[in-house]
Amino acid sequence: MKARVLIRPKEGILDPQGKAVERALPALGFEGIDNVRVGRLVELEADDPAHLESLCEKLLANPLIEDFEIEEIEA
Amino acid sequence: MKARVLIRPKEGILDPQGKAVERALPALGFEGIDNVRVGRLVELEADDPAHLESLCEKLLANPLIEDFEIEEIEA
Amino acid sequence: MRFGVLQFPGSCDERDAIAACGRVGEAEMIWHESTDLSGVDAVVVPGGFSYGDYLRVGAIARFAPAMEAVTRFAADGGPVLGICNGFQVLCEAGLLPGALLPNEGRKFLCRQVDLEVVSADSVWLGATEPGQTLSIPVKHANGRWFAPDQTVDALEEAGQIALRYAAGQNPNGSTRDIAGVTNEAGNVMGLMPHPEHAVDAALTGSADGLEIFRSPALATA
Amino acid sequence: MSTKGKHDEQSAHRQLGLTDPEFDAICDLIGREPNGVELAMFSLLWSEHCAYKHSRKLLGNLPVEGERVVMGPGENAGAVSLPGGWAVAFKVESHNHPSAVEPFQGAATGVGGILRDVFALGARPIALLDSLRFGDIDSERSRFLFEGAVSGIGHYGNSIGVPTVGGEVYFEAPYEQNCLVNAMCIGLARSDEMIRSAAAGTGNALVLMGAATGRDGIGGASVLASAELESGDDAKRPTVQIGDPFEESKLVECCLELLAADLLVSLQDLGAAGLTSSAGEMASKGGVGVDIDVAKVPLREADMEPFEVMVSESQERMLAVVEPDQVDQVIEICQRWQTSAAAIGEVTDSGTVRILRDGEVVGEIAVEALVDEAPAYDLDPAEPGEWIYGNENSLDRRIGEIAGLGVDAAEDSAILAALLASPNIASKRWAFEQYDSIVGSRTGSGPEAADAAVLDIPEAGVAIATAIDGNGRRVACDPYRGTIEGVLECTANLACVGANPLGLTNCLNFGNPEKPTVAWQLTKSVEALTDVCKALDLPVVGGNVSLYNETADGPIYPTPVVGVVGELADATRVPGQAFEPAQTIALVGPFAPSLAGSELVKLRGELDQGLPGVEISEIAAAQGAVRDSVSSADGLTACHDISDGGLACAIAEMAIAGETGAECDLDGMIDARGCSGETALFGEGPGGFIVAGPDAALEALASRGVEVIRIGSTGGTLITIAAAERSVALSLADAATCWRSLEGRME
Ligand SMILES: Nc1ncnc2c1ncn2[C@@H]1O[C@H](COP(=O)(O)OP(=O)(O)O)[C@@H](O)[C@H]1O
Ligand SMILES: [Mg+2]
């Protein structure tokens, strides 16, 4: 199957990138954009989706500072 | 509206992060995982969804090296 | 020759660039919100981490008001040099071809490298000869210059490949060992290595970077 | 007094780390039980970290005065003067525990913190150094921590544009669970423009600048929240703090601009214990009071409780005292730098720290009670009867690895090869290439070029040199002598580049001081630091203490890390370590090698208590002679002090650096010292330099009154050293392969 992992900074944790982008936008002529959060996207193919959860915990995301969400794209 | 932008390295461009993940897999006991690509995830709120496409083209992604995809989360 | 050196939030090497320019001419700092380049003969977009390198290297800085002025300045034939982060900004702004990707080794690398002058036709390499070797340090995590193959072929053909890493010394996996490129007119050049950190042979062992800062004056002379 | 609260497991004060007697003392001091906000504040300012409860009494004897001292301990960083009205500020600080949890962010925020301590004085940061300790490199966890810490340091230092010019890394089993990440920062300022942290001027505003305040580092104090917040909110309290070097780079520029415009009365960084300690200490130093309205603090998260605002350790914040009519100007400059600023309170003559929320008082504590009355404990030291750390014989394994590298060496040569490949001795290029060591255009000698980093200070017409050292294993063998050696090692490094030491900073990394053995280590070590600094006339201008570095496996090696800054005339005349061909090699100084505590004995698994004695004055004299020789025109072409791995490793390092072989014979030295060949080759100890140069240069050095023993000459592609019954012979290529093996291990 093909899967997509969305990894984002945990709630309450500082997201320096999101904050910097949000702050810079108006001065650069981009208006009306708010609450920017920047995370990571991992796409992969897995024979056995059962292992994905543990792969995310151990390797793809840093559970201390990041939350992740697994989405199946194709079976 | 709330939107999610998925940004990934263009096909054919070396993705060292994805490769590093693939290399780390066997040592951690993960098998059957392939084609790992690491990209960026941007989530934001936009007053006017009409501008999102152009925001992505101009700022969030570089079309020479990246593809992007906009997903609406909530209106 | 009066150089203007841009300063963005997060720039790091702007003072070094000013000092290097000061060895061959005069130099002033240009704040990112300024659009006034009057009295400036050449622009340097310096190294560093403009806007923290967040989102994507150079992506945010390229929208700074000063960059609009630099774009006009370049269109009028004014010499513009992008060093490291400045190179990334100029690529993002479309003033130079290609884009800079994360190093193949994924790590920031700071080391002295040898560069080979490929084409000396640009405003910024007039003081050098093709084939000449320049010893200049690199320090970056996102220096893998990339452009599609046909583009690179065309650039080679047009003499827009300015600098290459010497054989075996490519620190980042860039396409065909390319370290620096120019625009078509040859007045805009970008390079990942830091010539402003090779201007004092007694202190750092190499003054080869000075060749680059000396070049625009020769072009206008 | 009968107001004392109940003392049981559930008591908030215990959960906040205060003992029952401490809690009683607090009640006595303020004449009632503290409320939640007050208790949170006490628990932090009376913590080991802020109050130095177990080290304060010991540190009192350190020599802190000297002609060149501009600022001593007590300020955010120490500073010494340079010619022309300039000063260098510097300090080292630990970020051990956060780094053990999340090495990248822990190390990054450690760098962020020490930078703030330096620019809090109004000094522009010009250099960073790092001192790292991990467990054995064969452990996956150690490599993970090492890799993360190095990239975190690089991330922060590189992004902010301050070069990391030096440092050190050791791998020893006792650091396996509790790694050490110490960072040192050096800044440059005009002496008369430096600013202190004492709050002053009743009615002046307190302005908080930089990042918004979130629920970072609230951790332990969250017990106070149980009543007020729903339990699910625990997830909102990050256990790891994220560093934002971009925010800090704006903050540095902004603060320096505010100072240049003379808009600040005083300035203080926010570190551990956040607003509580900054405000408390600023008030205490100024002998004033402060009011803070938490409703005025810009927040990252809505609905933070007053105690959360007061104890938050969010990074990248500074607190300034500003005259009321200049607040607008300050805020304007901050806006230009895209950094936020808010007036959050004012200086009062009340002598108390008052916390308000929208004007309503939610906590009030006398500054004296909060800051000055914190307890200071006597230690209960006891010398252990035996070596308390483990011993593992890994020499055969290391020699096996040499073969794996394709190096074919036998006996003594194999030992040399194994020592060169030992991660404590091998080149740390893998790490320091990840650091920008040149930004700022001052770096004359960066990592590996010479024993100390050399920075050009054209403003003052001089250069400075700096090094950071601390071999915890040797301190474990003998806390007193080991600590003395550590300082001498640092000043030896400076001598190699011709620099005269001006001041010292230190970070005392130890285990749990409530344990007699650790108490003994700490006591002996501080005694030694005091004695050696007095003997060298080297003032201690600042430092930091990190205790409780231990796990169930026991304490770390006692690790006093010292950083020294010195001055030299010219950054461009430093000889460096590299051999040039056709030079004479000599051993200089009263080096009396011993295998005790050495890397070789460690590899053999034979570590034991005790180190040989040290004659500080003789060693200082030798260092002075070398320094003078290097800094005048004697003509030495290479200079290196003998440290880890002994004389043989020192020679090999110089040969590798210069891509030039060496042919040496140690018989003269062995006769003079009466030691064995093996000890001559691999024994360690302070007081020795290897120098190379033309004969005339060595004669000039000898005429400076130091013992110079010729031991060989440079040239060829082999390193050969004959030493009585022993001898080593290694090709340059093989030696380099071993010495460069760290890269391969980290792949
Ligand atoms: N080992 C030490 N030697 C000398 N001075 C020390 C030592 N430890 C701490 N100090 C001094 O005590 C003061 C408080 O240190 P610290 O709590 O680390 O400061 P900060 O709150 O700025 O991090 C500083 O002035 C520091 O220099
Ligand atoms: Mg401080």
# chains A, B, ... in the order shown; residues from 1 in each chain; ligands from 1
call {"tool": "residues_near_ligand", "arguments": {"ligand": "ligand 1", "cutoff": "8 Å", "atoms": "only C-alpha atoms and all ligand atoms", "output": "mmCIF file with all heavy atoms, in the first residue's frame"}}
result
data_model
loop_
_atom_site.group_PDB
_atom_site.id
_atom_site.type_symbol
_atom_site.label_atom_id
_atom_site.label_comp_id
_atom_site.auth_asym_id
_atom_site.auth_seq_id
_atom_site.Cartn_x
_atom_site.Cartn_y
_atom_site.Cartn_z
ATOM 1 N N HIS D 49 19.732 24.688 40.936
ATOM 2 C CA HIS D 49 20.173 25.386 39.733
ATOM 3 C C HIS D 49 20.330 26.883 39.977
ATOM 4 O O HIS D 49 21.301 27.500 39.564
ATOM 5 C CB HIS D 49 19.167 25.123 38.603
ATOM 6 C CG HIS D 49 19.625 25.596 37.282
ATOM 7 N ND1 HIS D 49 20.112 24.754 36.312
ATOM 8 C CD2 HIS D 49 19.711 26.839 36.768
ATOM 9 C CE1 HIS D 49 20.470 25.458 35.268
ATOM 10 N NE2 HIS D 49 20.231 26.727 35.512
ATOM 11 N N CYS D 50 19.348 27.478 40.636
ATOM 12 C CA CYS D 50 19.398 28.926 40.828
ATOM 13 C C CYS D 50 20.135 29.332 42.094
ATOM 14 O O CYS D 50 20.766 30.377 42.140
ATOM 15 C CB CYS D 50 17.985 29.509 40.871
ATOM 16 S SG CYS D 50 17.164 29.453 39.282
ATOM 17 N N ALA D 51 20.013 28.530 43.142
ATOM 18 C CA ALA D 51 20.539 28.969 44.433
ATOM 19 C C ALA D 51 21.911 28.389 44.758
ATOM 20 O O ALA D 51 22.524 28.790 45.731
ATOM 21 C CB ALA D 51 19.555 28.594 45.537
ATOM 22 N N TYR D 52 22.399 27.460 43.956
ATOM 23 C CA TYR D 52 23.712 26.868 44.232
ATOM 24 C C TYR D 52 23.783 26.376 45.682
ATOM 25 O O TYR D 52 24.758 26.600 46.378
ATOM 26 C CB TYR D 52 24.821 27.883 43.953
ATOM 27 C CG TYR D 52 25.006 28.164 42.487
ATOM 28 C CD1 TYR D 52 24.200 29.069 41.823
ATOM 29 C CD2 TYR D 52 25.983 27.502 41.763
ATOM 30 C CE1 TYR D 52 24.348 29.304 40.476
ATOM 31 C CE2 TYR D 52 26.148 27.733 40.406
ATOM 32 C CZ TYR D 52 25.325 28.640 39.773
ATOM 33 O OH TYR D 52 25.481 28.872 38.446
ATOM 34 N N LEU D 59 32.401 27.796 46.497
ATOM 35 C CA LEU D 59 32.885 28.681 45.430
ATOM 36 C C LEU D 59 33.439 29.990 45.978
ATOM 37 O O LEU D 59 34.135 30.717 45.274
ATOM 38 C CB LEU D 59 31.745 28.980 44.452
ATOM 39 C CG LEU D 59 31.185 27.774 43.685
ATOM 40 C CD1 LEU D 59 30.012 28.187 42.811
ATOM 41 C CD2 LEU D 59 32.276 27.138 42.837
ATOM 42 N N LEU D 62 37.233 31.079 45.417
ATOM 43 C CA LEU D 62 37.864 31.214 44.101
ATOM 44 C C LEU D 62 38.426 32.628 43.940
ATOM 45 O O LEU D 62 37.779 33.597 44.330
ATOM 46 C CB LEU D 62 36.839 30.949 42.989
ATOM 47 C CG LEU D 62 36.294 29.528 42.885
ATOM 48 C CD1 LEU D 62 35.164 29.467 41.860
ATOM 49 C CD2 LEU D 62 37.415 28.561 42.501
ATOM 50 N N GLY D 72 33.223 40.185 37.141
ATOM 51 C CA GLY D 72 33.516 38.883 37.730
ATOM 52 C C GLY D 72 32.234 38.105 37.938
ATOM 53 O O GLY D 72 31.180 38.499 37.437
ATOM 54 N N PRO D 73 32.324 37.008 38.702
ATOM 55 C CA PRO D 73 31.140 36.188 38.945
ATOM 56 C C PRO D 73 30.033 37.043 39.552
ATOM 57 O O PRO D 73 30.298 37.988 40.271
ATOM 58 C CB PRO D 73 31.626 35.148 39.955
ATOM 59 C CG PRO D 73 33.093 35.081 39.773
ATOM 60 C CD PRO D 73 33.520 36.453 39.354
ATOM 61 N N GLY D 74 28.817 36.705 39.245
ATOM 62 C CA GLY D 74 27.685 37.466 39.758
ATOM 63 C C GLY D 74 26.946 38.138 38.620
ATOM 64 O O GLY D 74 25.747 38.356 38.703
ATOM 65 N N GLU D 75 27.642 38.433 37.554
ATOM 66 C CA GLU D 75 26.952 38.982 36.396
ATOM 67 C C GLU D 75 26.623 37.836 35.437
ATOM 68 O O GLU D 75 27.029 36.700 35.660
ATOM 69 C CB GLU D 75 27.816 40.045 35.712
ATOM 70 C CG GLU D 75 27.826 41.375 36.472
ATOM 71 C CD GLU D 75 26.433 42.011 36.620
ATOM 72 O OE1 GLU D 75 25.601 41.841 35.718
ATOM 73 O OE2 GLU D 75 26.181 42.668 37.648
ATOM 74 N N ASN D 76 25.939 38.157 34.352
ATOM 75 C CA ASN D 76 25.530 37.106 33.420
ATOM 76 C C ASN D 76 26.726 36.386 32.818
ATOM 77 O O ASN D 76 26.660 35.215 32.485
ATOM 78 C CB ASN D 76 24.659 37.698 32.323
ATOM 79 C CG ASN D 76 23.273 37.987 32.844
ATOM 80 O OD1 ASN D 76 22.618 37.106 33.385
ATOM 81 N ND2 ASN D 76 22.834 39.222 32.723
ATOM 82 N N ALA D 77 27.821 37.118 32.642
ATOM 83 C CA ALA D 77 29.065 36.514 32.169
ATOM 84 C C ALA D 77 30.192 37.318 32.778
ATOM 85 O O ALA D 77 29.977 38.428 33.266
ATOM 86 C CB ALA D 77 29.134 36.546 30.643
ATOM 87 N N GLY D 78 31.376 36.757 32.773
ATOM 88 C CA GLY D 78 32.535 37.501 33.232
ATOM 89 C C GLY D 78 33.155 38.232 32.063
ATOM 90 O O GLY D 78 32.827 37.965 30.899
ATOM 91 N N LYS D 91 31.545 33.017 29.092
ATOM 92 C CA LYS D 91 30.978 32.138 30.112
ATOM 93 C C LYS D 91 30.715 30.768 29.507
ATOM 94 O O LYS D 91 30.454 30.649 28.309
ATOM 95 C CB LYS D 91 29.677 32.723 30.638
ATOM 96 C CG LYS D 91 29.102 31.889 31.787
ATOM 97 C CD LYS D 91 27.931 32.528 32.482
ATOM 98 C CE LYS D 91 27.502 31.624 33.623
ATOM 99 N NZ LYS D 91 26.086 31.642 33.856
ATOM 100 N N GLU D 93 28.303 27.238 30.096
ATOM 101 C CA GLU D 93 27.111 26.775 30.793
ATOM 102 C C GLU D 93 26.738 25.375 30.315
ATOM 103 O O GLU D 93 27.019 25.001 29.185
ATOM 104 C CB GLU D 93 25.966 27.750 30.544
ATOM 105 C CG GLU D 93 24.838 27.605 31.531
ATOM 106 C CD GLU D 93 24.017 28.880 31.624
ATOM 107 O OE1 GLU D 93 23.299 29.199 30.672
ATOM 108 O OE2 GLU D 93 24.120 29.557 32.652
ATOM 109 N N GLY D 113 21.064 29.730 25.111
ATOM 110 C CA GLY D 113 21.132 30.274 26.467
ATOM 111 C C GLY D 113 22.450 30.953 26.772
ATOM 112 O O GLY D 113 22.484 32.050 27.337
ATOM 113 N N ILE D 114 23.538 30.346 26.367
ATOM 114 C CA ILE D 114 24.837 30.948 26.695
ATOM 115 C C ILE D 114 25.080 32.197 25.837
ATOM 116 O O ILE D 114 25.709 33.161 26.289
ATOM 117 C CB ILE D 114 25.988 29.911 26.579
ATOM 118 C CG1 ILE D 114 27.262 30.445 27.233
ATOM 119 C CG2 ILE D 114 26.280 29.508 25.149
ATOM 120 C CD1 ILE D 114 27.134 30.693 28.708
ATOM 121 N N ASP D 117 23.417 34.993 27.698
ATOM 122 C CA ASP D 117 24.184 35.460 28.851
ATOM 123 C C ASP D 117 25.240 36.457 28.405
ATOM 124 O O ASP D 117 25.570 37.394 29.123
ATOM 125 C CB ASP D 117 24.878 34.272 29.548
ATOM 126 C CG ASP D 117 24.007 33.695 30.658
ATOM 127 O OD1 ASP D 117 23.236 34.461 31.258
ATOM 128 O OD2 ASP D 117 24.109 32.486 30.919
ATOM 129 N N ASP D 269 19.027 38.225 30.680
ATOM 130 C CA ASP D 269 18.413 37.174 29.881
ATOM 131 C C ASP D 269 17.407 36.408 30.735
ATOM 132 O O ASP D 269 17.454 36.463 31.961
ATOM 133 C CB ASP D 269 19.480 36.214 29.366
ATOM 134 C CG ASP D 269 20.171 35.501 30.509
ATOM 135 O OD1 ASP D 269 20.859 36.183 31.285
ATOM 136 O OD2 ASP D 269 20.014 34.277 30.651
ATOM 137 N N LEU D 270 16.525 35.692 30.082
ATOM 138 C CA LEU D 270 15.633 34.784 30.792
ATOM 139 C C LEU D 270 16.117 33.368 30.533
ATOM 140 O O LEU D 270 16.121 32.898 29.395
ATOM 141 C CB LEU D 270 14.186 34.926 30.306
ATOM 142 C CG LEU D 270 13.396 36.054 30.968
ATOM 143 C CD1 LEU D 270 13.812 37.396 30.410
ATOM 144 C CD2 LEU D 270 11.916 35.832 30.806
ATOM 145 N N GLY D 271 16.576 32.729 31.587
ATOM 146 C CA GLY D 271 17.059 31.365 31.429
ATOM 147 C C GLY D 271 16.208 30.455 32.291
ATOM 148 O O GLY D 271 14.978 30.552 32.297
ATOM 149 N N ALA D 272 16.873 29.604 33.059
ATOM 150 C CA ALA D 272 16.158 28.723 33.974
ATOM 151 C C ALA D 272 15.306 29.584 34.895
ATOM 152 O O ALA D 272 15.720 30.646 35.329
ATOM 153 C CB ALA D 272 17.161 27.923 34.782
ATOM 154 N N SER D 277 13.266 34.221 37.952
ATOM 155 C CA SER D 277 14.646 34.443 38.356
ATOM 156 C C SER D 277 15.169 35.743 37.775
ATOM 157 O O SER D 277 15.914 36.464 38.429
ATOM 158 C CB SER D 277 15.515 33.245 37.993
ATOM 159 O OG SER D 277 16.026 33.376 36.704
ATOM 160 N N SER D 278 14.783 36.079 36.576
ATOM 161 C CA SER D 278 15.289 37.319 36.006
ATOM 162 C C SER D 278 14.838 38.512 36.830
ATOM 163 O O SER D 278 15.642 39.355 37.220
ATOM 164 C CB SER D 278 14.801 37.501 34.570
ATOM 165 O OG SER D 278 15.133 36.374 33.841
ATOM 166 N N THR D 505 36.718 30.686 32.986
ATOM 167 C CA THR D 505 35.346 30.375 33.346
ATOM 168 C C THR D 505 35.258 28.865 33.510
ATOM 169 O O THR D 505 36.133 28.133 33.024
ATOM 170 C CB THR D 505 34.353 30.877 32.279
ATOM 171 O OG1 THR D 505 33.017 30.592 32.712
ATOM 172 C CG2 THR D 505 34.578 30.211 30.939
ATOM 173 N N ASN D 506 34.264 28.384 34.229
ATOM 174 C CA ASN D 506 34.220 26.936 34.458
ATOM 175 C C ASN D 506 32.805 26.445 34.588
ATOM 176 O O ASN D 506 31.899 27.193 34.920
ATOM 177 C CB ASN D 506 35.016 26.591 35.720
ATOM 178 C CG ASN D 506 34.311 27.110 36.957
ATOM 179 O OD1 ASN D 506 33.563 26.386 37.607
ATOM 180 N ND2 ASN D 506 34.518 28.378 37.294
ATOM 181 N N CYS D 507 32.635 25.178 34.323
ATOM 182 C CA CYS D 507 31.346 24.535 34.553
ATOM 183 C C CYS D 507 31.623 23.254 35.323
ATOM 184 O O CYS D 507 32.336 22.371 34.853
ATOM 185 C CB CYS D 507 30.645 24.239 33.224
ATOM 186 S SG CYS D 507 28.982 23.620 33.460
ATOM 187 N N LEU D 508 31.088 23.185 36.522
ATOM 188 C CA LEU D 508 31.352 22.031 37.383
ATOM 189 C C LEU D 508 30.241 21.009 37.201
ATOM 190 O O LEU D 508 29.134 21.180 37.712
ATOM 191 C CB LEU D 508 31.431 22.494 38.840
ATOM 192 C CG LEU D 508 32.479 23.591 39.109
ATOM 193 C CD1 LEU D 508 32.362 24.109 40.540
ATOM 194 C CD2 LEU D 508 33.885 23.058 38.848
ATOM 195 N N VAL D 540 39.044 33.807 38.180
ATOM 196 C CA VAL D 540 37.841 33.095 37.731
ATOM 197 C C VAL D 540 36.758 34.166 37.571
ATOM 198 O O VAL D 540 36.363 34.791 38.540
ATOM 199 C CB VAL D 540 37.398 32.058 38.777
ATOM 200 C CG1 VAL D 540 36.111 31.366 38.334
ATOM 201 C CG2 VAL D 540 38.504 31.042 39.013
ATOM 202 N N VAL D 541 36.321 34.385 36.341
ATOM 203 C CA VAL D 541 35.378 35.483 36.129
ATOM 204 C C VAL D 541 33.939 35.003 35.991
ATOM 205 O O VAL D 541 33.037 35.820 35.830
ATOM 206 C CB VAL D 541 35.766 36.343 34.906
ATOM 207 C CG1 VAL D 541 37.148 36.958 35.098
ATOM 208 C CG2 VAL D 541 35.723 35.520 33.636
ATOM 209 N N GLY D 542 33.734 33.713 36.072
ATOM 210 C CA GLY D 542 32.361 33.237 35.988
ATOM 211 C C GLY D 542 32.337 31.737 35.885
ATOM 212 O O GLY D 542 33.387 31.079 35.832
ATOM 213 N N GLY D 543 31.143 31.215 35.874
ATOM 214 C CA GLY D 543 31.027 29.770 35.754
ATOM 215 C C GLY D 543 29.614 29.312 36.001
ATOM 216 O O GLY D 543 28.685 30.117 36.052
ATOM 217 N N ASN D 544 29.492 28.028 36.143
ATOM 218 C CA ASN D 544 28.181 27.413 36.234
ATOM 219 C C ASN D 544 28.369 26.077 36.938
ATOM 220 O O ASN D 544 29.449 25.493 36.877
ATOM 221 C CB ASN D 544 27.654 27.236 34.791
ATOM 222 C CG ASN D 544 26.295 26.596 34.724
ATOM 223 O OD1 ASN D 544 26.155 25.499 34.203
ATOM 224 N ND2 ASN D 544 25.294 27.259 35.235
ATOM 225 N N VAL D 545 27.358 25.638 37.654
ATOM 226 C CA VAL D 545 27.457 24.358 38.343
ATOM 227 C C VAL D 545 26.292 23.478 37.902
ATOM 228 O O VAL D 545 25.155 23.923 37.887
ATOM 229 C CB VAL D 545 27.411 24.548 39.879
ATOM 230 C CG1 VAL D 545 27.497 23.205 40.577
ATOM 231 C CG2 VAL D 545 28.537 25.461 40.347
#
call {"tool": "calpha_fit_rmsd", "arguments": {"fixed": "chain B", "moving": "chain A"}}
result
0.8 Å
call {"tool": "interface_residues", "arguments": {"of": "chain A", "to": "chain D", "cutoff": "7 Å", "atoms": "only C-alpha atoms", "output": "list in words"}}
result
Glu11, Gly12, Ile13, Leu14, Pro16, Leu64 and Ile65 of chain A
call {"tool": "closest_residue", "arguments": {"among": "C:Lys107, C:Arg164, C:Arg176, C:Arg62", "to": "chain D", "atoms": "only C-alpha atoms"}}
result
C:Lys107
call {"tool": "residues_around", "arguments": {"residues": "Leu163 (chain C)", "least_positions_apart": "4", "cutoff": "6 Å", "atoms": "only C-alpha atoms", "output": "PyMOL selection string"}}
result
chain C and resi 116-118+179-180
call {"tool": "closest_atom_pairs", "arguments": {"of": "chain B", "to": "chain A", "cutoff": "9 Å", "atoms": "only C-alpha atoms", "output": "Markdown table"}}
result
| residue | atom | partner | partner_atom | distance |
| --- | --- | --- | --- | --- |
| B:Leu6 | CA | A:Leu41 | CA | 6.9 |
| B:Ile7 | CA | A:Leu41 | CA | 7.5 |
| B:Arg8 | CA | A:Leu41 | CA | 7.6 |
| B:Gly18 | CA | A:Val42 | CA | 8.0 |
| B:Val21 | CA | A:Leu59 | CA | 7.6 |
| B:Ala24 | CA | A:Leu59 | CA | 8.3 |
| B:Leu25 | CA | A:Leu59 | CA | 8.4 |
| B:Leu28 | CA | A:Lys58 | CA | 8.3 |
| B:Phe30 | CA | A:Leu55 | CA | 7.5 |
| B:Glu31 | CA | A:Asp47 | CA | 8.1 |
| B:Gly32 | CA | A:Asp47 | CA | 5.1 |
| B:Ile33 | CA | A:Ala46 | CA | 4.5 |
| B:Asp34 | CA | A:Glu45 | CA | 5.0 |
| B:Asn35 | CA | A:Leu44 | CA | 5.3 |
| B:Val36 | CA | A:Leu44 | CA | 4.3 |
| B:Arg37 | CA | A:Glu43 | CA | 5.2 |
| B:Val38 | CA | A:Val42 | CA | 4.5 |
| B:Gly39 | CA | A:Leu41 | CA | 4.7 |
| B:Arg40 | CA | A:Arg40 | CA | 4.3 |
| B:Leu41 | CA | A:Gly39 | CA | 4.7 |
| B:Val42 | CA | A:Val38 | CA | 4.6 |
| B:Glu43 | CA | A:Arg37 | CA | 5.2 |
| B:Leu44 | CA | A:Val36 | CA | 4.3 |
| B:Glu45 | CA | A:Asp34 | CA | 5.0 |
| B:Ala46 | CA | A:Ile33 | CA | 4.6 |
| B:Asp47 | CA | A:Gly32 | CA | 5.1 |
| B:Asp48 | CA | A:Gly32 | CA | 7.1 |
| B:His51 | CA | A:Phe30 | CA | 8.9 |
| B:Leu55 | CA | A:Phe30 | CA | 7.7 |
call {"tool": "interface_residues", "arguments": {"of": "chain C", "to": "chain D", "cutoff": "10 Å", "atoms": "only C-alpha atoms", "output": "JSON, numbers by chain"}}
result
{"C": [8, 9, 10, 11, 12, 13, 14, 15, 16, 17, 19, 20, 33, 47, 48, 49, 50, 51, 52, 53, 54, 107, 108, 109, 110, 111, 137, 138, 139, 140, 141, 194, 196, 197, 198, 199, 200, 201, 202, 203, 204, 205]}
call {"tool": "decode", "arguments": {"residues": "region 607-615 of chain D", "atoms": "N, CA, C and O atoms", "output": "compact mmCIF listing (two decimals), in the first residue's frame"}}
result
# COMPACT_ATOMS: atom_id res chain seq x y z
N LEU D 607 42.11 1.10 35.24
CA LEU D 607 42.05 2.40 35.91
C LEU D 607 42.00 2.20 37.42
O LEU D 607 41.42 1.24 37.92
N ASP D 608 42.62 3.13 38.12
CA ASP D 608 42.61 3.07 39.58
C ASP D 608 42.73 4.48 40.13
O ASP D 608 43.01 5.42 39.38
N GLN D 609 42.54 4.60 41.42
CA GLN D 609 42.66 5.92 42.02
C GLN D 609 44.09 6.39 42.00
O GLN D 609 45.02 5.60 42.03
N GLY D 610 44.24 7.73 42.00
CA GLY D 610 45.55 8.34 42.17
C GLY D 610 46.19 8.84 40.88
O GLY D 610 46.10 8.20 39.84
N LEU D 611 46.80 10.00 40.97
CA LEU D 611 47.61 10.57 39.90
C LEU D 611 48.88 11.10 40.55
O LEU D 611 48.87 11.46 41.72
N PRO D 612 49.97 11.19 39.78
CA PRO D 612 51.19 11.75 40.35
C PRO D 612 51.00 13.23 40.70
O PRO D 612 50.11 13.89 40.15
N GLY D 613 51.85 13.73 41.56
CA GLY D 613 51.77 15.13 41.98
C GLY D 613 52.11 16.09 40.85
O GLY D 613 52.71 15.71 39.85
N VAL D 614 51.73 17.32 41.05
CA VAL D 614 51.93 18.34 40.02
C VAL D 614 52.67 19.52 40.64
O VAL D 614 52.27 20.01 41.69
N GLU D 615 53.76 19.96 39.99
CA GLU D 615 54.45 21.17 40.43
C GLU D 615 53.95 22.34 39.59
O GLU D 615 54.45 22.59 38.48
